[in-house]
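In what follows, a single structure is set out as structure tokens and then discussed.
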Amino acid sequence: GELLPSDGSAVLVPDFFSPPEADKYFSALLEETPWEQHSFKMFGKPVLEPRLSAWHADPEMEYTYSGQPRTPMPWNKPLTAVRLACEVHTGHSFNGALVNLYRSGADAMGWHSDDEPINGVNPVIASVSLGAERRFDLRHKRTREVVSAVLPHGSLLVMSGACQTNWHHRIAKTTRDIEPRINVTFRLLCG
């Protein structure tokens, strides 16, 4: 259901994929994704991102992320199948996907918005979670109100409307011993 009280939309579909489907996509993506670990600058020094990632997109769709241009990898079979399911469900098409691998609870993603100009105004972002459950936090940019939800294995979160304009989101670190999680966020880039 809808997670946000106002100023945008974030709808969670907990059982978007059945457990066997979710298991199948998790294994296939884990194996077939060309994982990379990127670094970003913090206080002028390069720091490794606390997760592995890969950028897949239609050819020529470069994406600048954390200040670095990423050249797209071609779509593989599991990613194409997951993309199609998201397109059918949302009624929107997607031409790019950022795939993240959180290897343990120490891997995380800080507060941010997917509000880069290339994502367009009020983008629809379909985020699929596979593997270990993680808590997802949204924080209103003005009021600082925080909304949290657990993202189960096989779930879909669709962020749309003014969500990226008004809210930041993150996956916080946890000291709990947890298994890996793969997250795929599909978006439509305006070239």
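For the structure tokens, the naming scheme is as follows: chains receive sequential letters (A, B, ...) according to their order of presentation, residues are indexed from 1 within each chain, and ligands are indexed from 1 in presentation order.
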For this session: Any chance you could list, as a list in words, the residues in region 25-127 of chain A that come up alpha helix (DSSP H) when DSSP is run on the backbone?
Result: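 Listing alpha helix (DSSP H) positions across region 25-127 of chain A yields Tyr25, Phe26, Ser27, Ala28, Leu29, Leu30, Glu31, Glu32, Lys77, Pro78, Leu79, Thr80, Ala81, Val82, Arg83, Leu84, Ala85, Cys86, Glu87, Val88, His89 and Thr90 of chain A.
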Exercise. Which residues come within 9 Å of region 138-155 of chain A, counting only C-alpha atoms, excluding same-chain residues fewer than 3 positions away, as a PyMOL selection string?
Worked result: chain A and resi 3-5+7+12-19+21-23+25-26+111+127-135+165-170+181
Please produce a file of the residues just selected, as a short mmCIF file (atom, residue, chain, number, x, y, z; two decimals), in the first residue's frame, where the atoms kept are N, CA, C and O atoms.
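This went into again_5.cif:
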data_model
loop_
_atom_site.label_atom_id
_atom_site.label_comp_id
_atom_site.auth_asym_id
_atom_site.auth_seq_id
_atom_site.Cartn_x
_atom_site.Cartn_y
_atom_site.Cartn_z
N LEU A 3 2.88 4.34 1.23
CA LEU A 3 3.68 4.61 2.43
C LEU A 3 3.68 6.09 2.81
O LEU A 3 3.83 6.42 3.98
N LEU A 4 3.51 6.98 1.81
CA LEU A 4 3.68 8.40 2.09
C LEU A 4 2.36 9.09 2.46
O LEU A 4 1.34 8.86 1.82
N PRO A 5 2.40 9.97 3.48
CA PRO A 5 1.19 10.69 3.87
C PRO A 5 0.81 11.80 2.88
O PRO A 5 -0.35 12.17 2.76
N ASP A 7 2.69 14.74 -0.49
CA ASP A 7 3.84 15.25 -1.26
C ASP A 7 4.57 14.19 -2.09
O ASP A 7 5.78 14.20 -2.18
N LEU A 12 4.02 0.19 -1.88
CA LEU A 12 4.71 -1.08 -1.70
C LEU A 12 3.78 -2.25 -2.03
O LEU A 12 2.68 -2.34 -1.51
N VAL A 13 4.27 -3.12 -2.93
CA VAL A 13 3.55 -4.35 -3.27
C VAL A 13 4.42 -5.49 -2.71
O VAL A 13 5.40 -5.89 -3.33
N PRO A 14 4.08 -6.00 -1.49
CA PRO A 14 5.00 -6.92 -0.79
C PRO A 14 5.23 -8.23 -1.52
O PRO A 14 6.34 -8.76 -1.51
N ASP A 15 4.22 -8.78 -2.17
CA ASP A 15 4.38 -10.09 -2.81
C ASP A 15 4.28 -9.98 -4.32
O ASP A 15 3.56 -10.74 -4.97
N PHE A 16 5.03 -9.04 -4.89
CA PHE A 16 4.99 -8.82 -6.34
C PHE A 16 5.43 -10.09 -7.09
O PHE A 16 4.81 -10.49 -8.06
N PHE A 17 6.52 -10.71 -6.63
CA PHE A 17 6.95 -12.01 -7.18
C PHE A 17 6.70 -13.08 -6.13
O PHE A 17 6.90 -12.84 -4.94
N SER A 18 6.30 -14.27 -6.58
CA SER A 18 6.13 -15.40 -5.66
C SER A 18 7.51 -15.80 -5.13
O SER A 18 8.52 -15.53 -5.79
N PRO A 19 7.59 -16.46 -3.97
CA PRO A 19 8.90 -16.86 -3.45
C PRO A 19 9.76 -17.64 -4.46
O PRO A 19 10.94 -17.33 -4.61
N GLU A 21 9.71 -17.50 -7.77
CA GLU A 21 10.15 -16.55 -8.81
C GLU A 21 11.25 -15.65 -8.26
O GLU A 21 12.27 -15.41 -8.91
N ALA A 22 11.02 -15.13 -7.05
CA ALA A 22 12.00 -14.22 -6.43
C ALA A 22 13.34 -14.93 -6.22
O ALA A 22 14.40 -14.36 -6.49
N ASP A 23 13.29 -16.20 -5.79
CA ASP A 23 14.52 -16.98 -5.61
C ASP A 23 15.26 -17.12 -6.94
O ASP A 23 16.48 -16.96 -7.01
N TYR A 25 15.07 -15.18 -9.67
CA TYR A 25 15.66 -13.91 -10.13
C TYR A 25 16.86 -13.51 -9.28
O TYR A 25 17.85 -13.00 -9.80
N PHE A 26 16.79 -13.77 -7.98
CA PHE A 26 17.92 -13.44 -7.10
C PHE A 26 19.17 -14.20 -7.56
O PHE A 26 20.23 -13.61 -7.77
N TRP A 111 21.20 8.80 2.65
CA TRP A 111 20.05 9.62 2.24
C TRP A 111 20.31 10.24 0.87
O TRP A 111 21.36 10.84 0.65
N SER A 127 11.22 -0.13 -7.93
CA SER A 127 12.33 -0.70 -7.17
C SER A 127 11.97 -2.11 -6.69
O SER A 127 11.04 -2.28 -5.89
N VAL A 128 12.71 -3.10 -7.19
CA VAL A 128 12.44 -4.50 -6.84
C VAL A 128 13.49 -4.96 -5.82
O VAL A 128 14.69 -4.72 -6.01
N SER A 129 13.03 -5.60 -4.74
CA SER A 129 13.93 -6.13 -3.71
C SER A 129 13.94 -7.65 -3.75
O SER A 129 12.89 -8.28 -3.77
N LEU A 130 15.15 -8.22 -3.75
CA LEU A 130 15.32 -9.68 -3.77
C LEU A 130 16.36 -10.05 -2.72
O LEU A 130 17.36 -9.36 -2.56
N GLY A 131 16.11 -11.13 -2.00
CA GLY A 131 17.06 -11.55 -0.98
C GLY A 131 16.64 -11.08 0.40
O GLY A 131 15.44 -10.98 0.69
N ALA A 132 17.62 -10.78 1.24
CA ALA A 132 17.34 -10.43 2.63
C ALA A 132 16.46 -9.19 2.74
O ALA A 132 16.59 -8.25 1.95
N GLU A 133 15.58 -9.20 3.74
CA GLU A 133 14.74 -8.02 4.00
C GLU A 133 15.61 -6.90 4.57
O GLU A 133 16.47 -7.15 5.40
N ARG A 134 15.36 -5.68 4.11
CA ARG A 134 16.05 -4.52 4.69
C ARG A 134 15.00 -3.44 4.96
O ARG A 134 13.96 -3.38 4.31
N ARG A 135 15.32 -2.57 5.93
CA ARG A 135 14.42 -1.46 6.23
C ARG A 135 14.71 -0.31 5.28
O ARG A 135 15.87 0.03 5.04
N THR A 165 11.14 14.91 -5.36
CA THR A 165 11.28 16.34 -5.09
C THR A 165 11.20 16.62 -3.59
O THR A 165 11.92 17.46 -3.06
N ASN A 166 10.32 15.88 -2.90
CA ASN A 166 10.03 16.19 -1.50
C ASN A 166 10.62 15.25 -0.46
O ASN A 166 10.64 15.58 0.73
N TRP A 167 11.07 14.08 -0.89
CA TRP A 167 11.56 13.08 0.06
C TRP A 167 12.94 12.57 -0.30
O TRP A 167 13.25 12.37 -1.47
N HIS A 168 13.77 12.33 0.72
CA HIS A 168 15.02 11.58 0.56
C HIS A 168 14.71 10.14 0.96
O HIS A 168 13.76 9.90 1.71
N HIS A 169 15.53 9.19 0.51
CA HIS A 169 15.37 7.81 0.98
C HIS A 169 16.73 7.16 1.18
O HIS A 169 17.74 7.65 0.68
N ARG A 170 16.73 6.07 1.96
CA ARG A 170 17.99 5.38 2.24
C ARG A 170 17.73 3.93 2.66
O ARG A 170 16.62 3.55 3.01
N ARG A 181 21.33 -8.91 -0.28
CA ARG A 181 20.10 -8.41 -0.88
C ARG A 181 20.46 -7.77 -2.22
O ARG A 181 21.48 -7.07 -2.32
#
For this session: Give me the residues within 9 Å of region 113-122 of chain A as a ChimeraX atom specification, counting only C-alpha atoms and dropping any in the same chain fewer than 5 places off.
Result: /A:8,63-65,160-170,187-191
Next, dump the selected residues to file, keeping only N, CA and C atoms, as a compact mmCIF listing (two decimals), in the first residue's frame.
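Result saved to result_17.txt:
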# COMPACT_ATOMS: atom_id res chain seq x y z
N GLY A 8 3.80 13.27 -2.67
CA GLY A 8 4.41 12.24 -3.49
C GLY A 8 3.82 10.89 -3.16
N TYR A 63 24.66 7.32 -17.49
CA TYR A 63 24.02 7.82 -16.28
C TYR A 63 25.11 8.32 -15.35
N THR A 64 25.00 9.56 -14.90
CA THR A 64 26.00 10.07 -13.97
C THR A 64 25.46 9.90 -12.56
N TYR A 65 26.22 9.18 -11.78
CA TYR A 65 25.76 8.78 -10.46
C TYR A 65 26.90 9.01 -9.48
N SER A 160 6.63 7.63 -7.17
CA SER A 160 6.17 8.45 -8.28
C SER A 160 5.67 9.80 -7.78
N GLY A 161 5.12 10.59 -8.71
CA GLY A 161 4.66 11.93 -8.35
C GLY A 161 5.84 12.76 -7.86
N ALA A 162 5.60 13.56 -6.83
CA ALA A 162 6.65 14.47 -6.34
C ALA A 162 7.54 13.81 -5.28
N CYS A 163 7.56 12.49 -5.24
CA CYS A 163 8.34 11.77 -4.22
C CYS A 163 9.80 12.20 -4.19
N GLN A 164 10.46 12.25 -5.38
CA GLN A 164 11.90 12.58 -5.41
C GLN A 164 12.15 14.06 -5.10
N THR A 165 11.14 14.91 -5.36
CA THR A 165 11.28 16.34 -5.09
C THR A 165 11.20 16.62 -3.59
N ASN A 166 10.32 15.88 -2.90
CA ASN A 166 10.03 16.19 -1.50
C ASN A 166 10.62 15.25 -0.46
N TRP A 167 11.07 14.08 -0.89
CA TRP A 167 11.56 13.08 0.06
C TRP A 167 12.94 12.57 -0.30
N HIS A 168 13.77 12.33 0.72
CA HIS A 168 15.02 11.58 0.56
C HIS A 168 14.71 10.14 0.96
N HIS A 169 15.53 9.19 0.51
CA HIS A 169 15.37 7.81 0.98
C HIS A 169 16.73 7.16 1.18
N ARG A 170 16.73 6.07 1.96
CA ARG A 170 17.99 5.38 2.24
C ARG A 170 17.73 3.93 2.66
N ARG A 187 14.15 2.93 -14.21
CA ARG A 187 13.75 4.33 -14.44
C ARG A 187 13.69 4.60 -15.94
N LEU A 188 13.00 5.68 -16.30
CA LEU A 188 12.93 6.09 -17.70
C LEU A 188 13.76 7.36 -17.80
N LEU A 189 14.89 7.26 -18.50
CA LEU A 189 15.77 8.42 -18.64
C LEU A 189 15.36 9.21 -19.87
N CYS A 190 15.38 10.53 -19.71
CA CYS A 190 15.12 11.37 -20.88
C CYS A 190 16.49 11.76 -21.41
N GLY A 191 16.82 11.27 -22.58
CA GLY A 191 18.16 11.45 -23.14
C GLY A 191 18.49 12.88 -23.43
Problem set entry | Lys77 (chain A) environment, 10 Å, only C-alpha atoms, sequence neighbours closer than 6 positions dropped, as a PyMOL selection string | chain A and resi 25+28-29+32+83
Problem set entry | chain A: residues DSSP assigns to strand (DSSP E or B), reported as a ChimeraX atom specification | /A:2,9-13,36,39-42,45-48,52-57,63-65,68-70,73,96-102,109-112,125-131,134-140,146-151,155-160,167-171,181-187
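Interatomic distance, CA of Met109 (chain A) against CA of Ile171 (chain A): 5.0 Å.
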Exercise. Quick one: residues within 12 Å of Pro34 (chain A), only C-alpha atoms counted, chain neighbours fewer than 3 positions away excluded, as a PyMOL selection string?
Worked result: chain A and resi 28-31+37+52-56+72-76+98-101
Write the residues of the preceding selection, restricted to all heavy atoms, as a compact mmCIF listing (two decimals), in the first residue's frame.
# COMPACT_ATOMS: atom_id res chain seq x y z
N ALA A 28 19.81 -15.70 -10.46
CA ALA A 28 20.23 -15.35 -11.83
C ALA A 28 20.95 -14.00 -11.85
O ALA A 28 21.99 -13.85 -12.50
CB ALA A 28 19.02 -15.34 -12.76
N LEU A 29 20.40 -13.01 -11.13
CA LEU A 29 21.03 -11.68 -11.13
C LEU A 29 22.37 -11.71 -10.40
O LEU A 29 23.34 -11.07 -10.82
CB LEU A 29 20.10 -10.64 -10.51
CG LEU A 29 18.90 -10.25 -11.38
CD1 LEU A 29 17.93 -9.38 -10.61
CD2 LEU A 29 19.35 -9.53 -12.66
N LEU A 30 22.43 -12.47 -9.31
CA LEU A 30 23.68 -12.57 -8.55
C LEU A 30 24.79 -13.09 -9.47
O LEU A 30 25.91 -12.59 -9.47
CB LEU A 30 23.47 -13.51 -7.36
CG LEU A 30 24.58 -13.53 -6.30
CD1 LEU A 30 24.77 -12.15 -5.69
CD2 LEU A 30 24.26 -14.55 -5.22
N GLU A 31 24.43 -14.08 -10.28
CA GLU A 31 25.39 -14.74 -11.16
C GLU A 31 25.71 -13.94 -12.42
O GLU A 31 26.85 -13.88 -12.86
CB GLU A 31 24.78 -16.07 -11.58
CG GLU A 31 25.78 -17.15 -11.87
CD GLU A 31 25.08 -18.50 -11.98
OE1 GLU A 31 24.69 -19.05 -10.93
OE2 GLU A 31 24.91 -18.97 -13.12
N GLN A 37 32.61 -2.25 -7.92
CA GLN A 37 32.56 -1.42 -6.71
C GLN A 37 33.16 -0.07 -7.08
O GLN A 37 34.32 0.02 -7.46
CB GLN A 37 33.34 -2.05 -5.55
CG GLN A 37 33.15 -1.24 -4.27
CD GLN A 37 33.68 -1.96 -3.03
OE1 GLN A 37 34.56 -2.81 -3.12
NE2 GLN A 37 33.16 -1.60 -1.87
N LEU A 52 28.01 -3.22 -4.06
CA LEU A 52 28.43 -3.42 -5.45
C LEU A 52 27.26 -3.00 -6.33
O LEU A 52 26.11 -3.06 -5.91
CB LEU A 52 28.78 -4.89 -5.69
CG LEU A 52 29.86 -5.50 -4.80
CD1 LEU A 52 30.16 -6.92 -5.22
CD2 LEU A 52 31.13 -4.67 -4.82
N SER A 53 27.56 -2.58 -7.55
CA SER A 53 26.47 -2.13 -8.41
C SER A 53 26.79 -2.35 -9.88
O SER A 53 27.93 -2.66 -10.24
CB SER A 53 26.17 -0.65 -8.16
OG SER A 53 27.30 0.13 -8.51
N ALA A 54 25.77 -2.21 -10.70
CA ALA A 54 25.92 -2.28 -12.16
C ALA A 54 24.82 -1.43 -12.77
O ALA A 54 23.70 -1.39 -12.26
CB ALA A 54 25.81 -3.72 -12.65
N TRP A 55 25.15 -0.73 -13.84
CA TRP A 55 24.19 0.11 -14.54
C TRP A 55 23.86 -0.56 -15.86
O TRP A 55 24.75 -0.81 -16.68
CB TRP A 55 24.79 1.51 -14.76
CG TRP A 55 23.99 2.37 -15.68
CD1 TRP A 55 24.36 2.85 -16.90
CD2 TRP A 55 22.66 2.87 -15.45
NE1 TRP A 55 23.35 3.59 -17.45
CE2 TRP A 55 22.29 3.62 -16.58
CE3 TRP A 55 21.74 2.73 -14.40
CZ2 TRP A 55 21.06 4.24 -16.69
CZ3 TRP A 55 20.51 3.35 -14.52
CH2 TRP A 55 20.17 4.11 -15.65
N HIS A 56 22.59 -0.92 -16.05
CA HIS A 56 22.13 -1.51 -17.32
C HIS A 56 21.16 -0.54 -17.97
O HIS A 56 20.33 0.07 -17.28
CB HIS A 56 21.39 -2.82 -17.06
CG HIS A 56 22.27 -3.91 -16.55
ND1 HIS A 56 22.80 -4.88 -17.36
CD2 HIS A 56 22.72 -4.18 -15.30
CE1 HIS A 56 23.54 -5.70 -16.62
NE2 HIS A 56 23.51 -5.30 -15.38
N PRO A 72 26.46 2.13 -19.87
CA PRO A 72 25.51 1.05 -19.63
C PRO A 72 25.97 -0.33 -20.10
O PRO A 72 26.59 -0.46 -21.14
CB PRO A 72 24.27 1.48 -20.41
CG PRO A 72 24.76 2.41 -21.45
CD PRO A 72 25.99 3.07 -20.90
N MET A 73 25.64 -1.33 -19.29
CA MET A 73 25.81 -2.73 -19.67
C MET A 73 24.52 -3.13 -20.40
O MET A 73 23.45 -2.59 -20.10
CB MET A 73 25.90 -3.60 -18.41
CG MET A 73 27.05 -3.24 -17.51
SD MET A 73 28.58 -3.79 -18.28
CE MET A 73 29.77 -3.09 -17.14
N PRO A 74 24.61 -4.09 -21.32
CA PRO A 74 23.39 -4.53 -22.02
C PRO A 74 22.44 -5.26 -21.07
O PRO A 74 22.87 -5.79 -20.04
CB PRO A 74 23.90 -5.46 -23.11
CG PRO A 74 25.29 -5.83 -22.71
CD PRO A 74 25.82 -4.76 -21.82
N TRP A 75 21.16 -5.29 -21.43
CA TRP A 75 20.16 -6.01 -20.63
C TRP A 75 20.44 -7.50 -20.69
O TRP A 75 20.66 -8.05 -21.76
CB TRP A 75 18.76 -5.75 -21.21
CG TRP A 75 18.34 -4.32 -21.13
CD1 TRP A 75 18.40 -3.39 -22.12
CD2 TRP A 75 17.82 -3.64 -19.98
NE1 TRP A 75 17.94 -2.18 -21.67
CE2 TRP A 75 17.57 -2.31 -20.36
CE3 TRP A 75 17.53 -4.04 -18.67
CZ2 TRP A 75 17.04 -1.36 -19.48
CZ3 TRP A 75 17.00 -3.10 -17.79
CH2 TRP A 75 16.78 -1.77 -18.19
N ASN A 76 20.39 -8.17 -19.54
CA ASN A 76 20.50 -9.63 -19.56
C ASN A 76 19.10 -10.23 -19.40
O ASN A 76 18.12 -9.50 -19.22
CB ASN A 76 21.49 -10.15 -18.50
CG ASN A 76 21.09 -9.73 -17.09
OD1 ASN A 76 19.91 -9.57 -16.79
ND2 ASN A 76 22.07 -9.54 -16.24
N LEU A 98 19.46 0.52 -12.29
CA LEU A 98 20.63 0.45 -11.43
C LEU A 98 20.44 -0.77 -10.54
O LEU A 98 19.42 -0.91 -9.86
CB LEU A 98 20.75 1.72 -10.57
CG LEU A 98 22.01 1.81 -9.71
CD1 LEU A 98 23.28 1.87 -10.57
CD2 LEU A 98 21.95 3.04 -8.80
N VAL A 99 21.40 -1.70 -10.60
CA VAL A 99 21.32 -2.93 -9.82
C VAL A 99 22.35 -2.82 -8.69
O VAL A 99 23.53 -2.57 -8.95
CB VAL A 99 21.64 -4.16 -10.70
CG1 VAL A 99 21.35 -5.45 -9.94
CG2 VAL A 99 20.84 -4.13 -11.99
N ASN A 100 21.88 -2.95 -7.45
CA ASN A 100 22.78 -2.86 -6.29
C ASN A 100 22.81 -4.18 -5.55
O ASN A 100 21.76 -4.81 -5.38
CB ASN A 100 22.29 -1.77 -5.31
CG ASN A 100 22.60 -0.37 -5.82
OD1 ASN A 100 23.74 -0.04 -6.08
ND2 ASN A 100 21.56 0.44 -5.96
N LEU A 101 23.99 -4.57 -5.09
CA LEU A 101 24.14 -5.75 -4.26
C LEU A 101 24.62 -5.31 -2.88
O LEU A 101 25.72 -4.75 -2.74
CB LEU A 101 25.14 -6.73 -4.88
CG LEU A 101 25.54 -7.93 -4.00
CD1 LEU A 101 24.34 -8.81 -3.66
CD2 LEU A 101 26.62 -8.76 -4.69
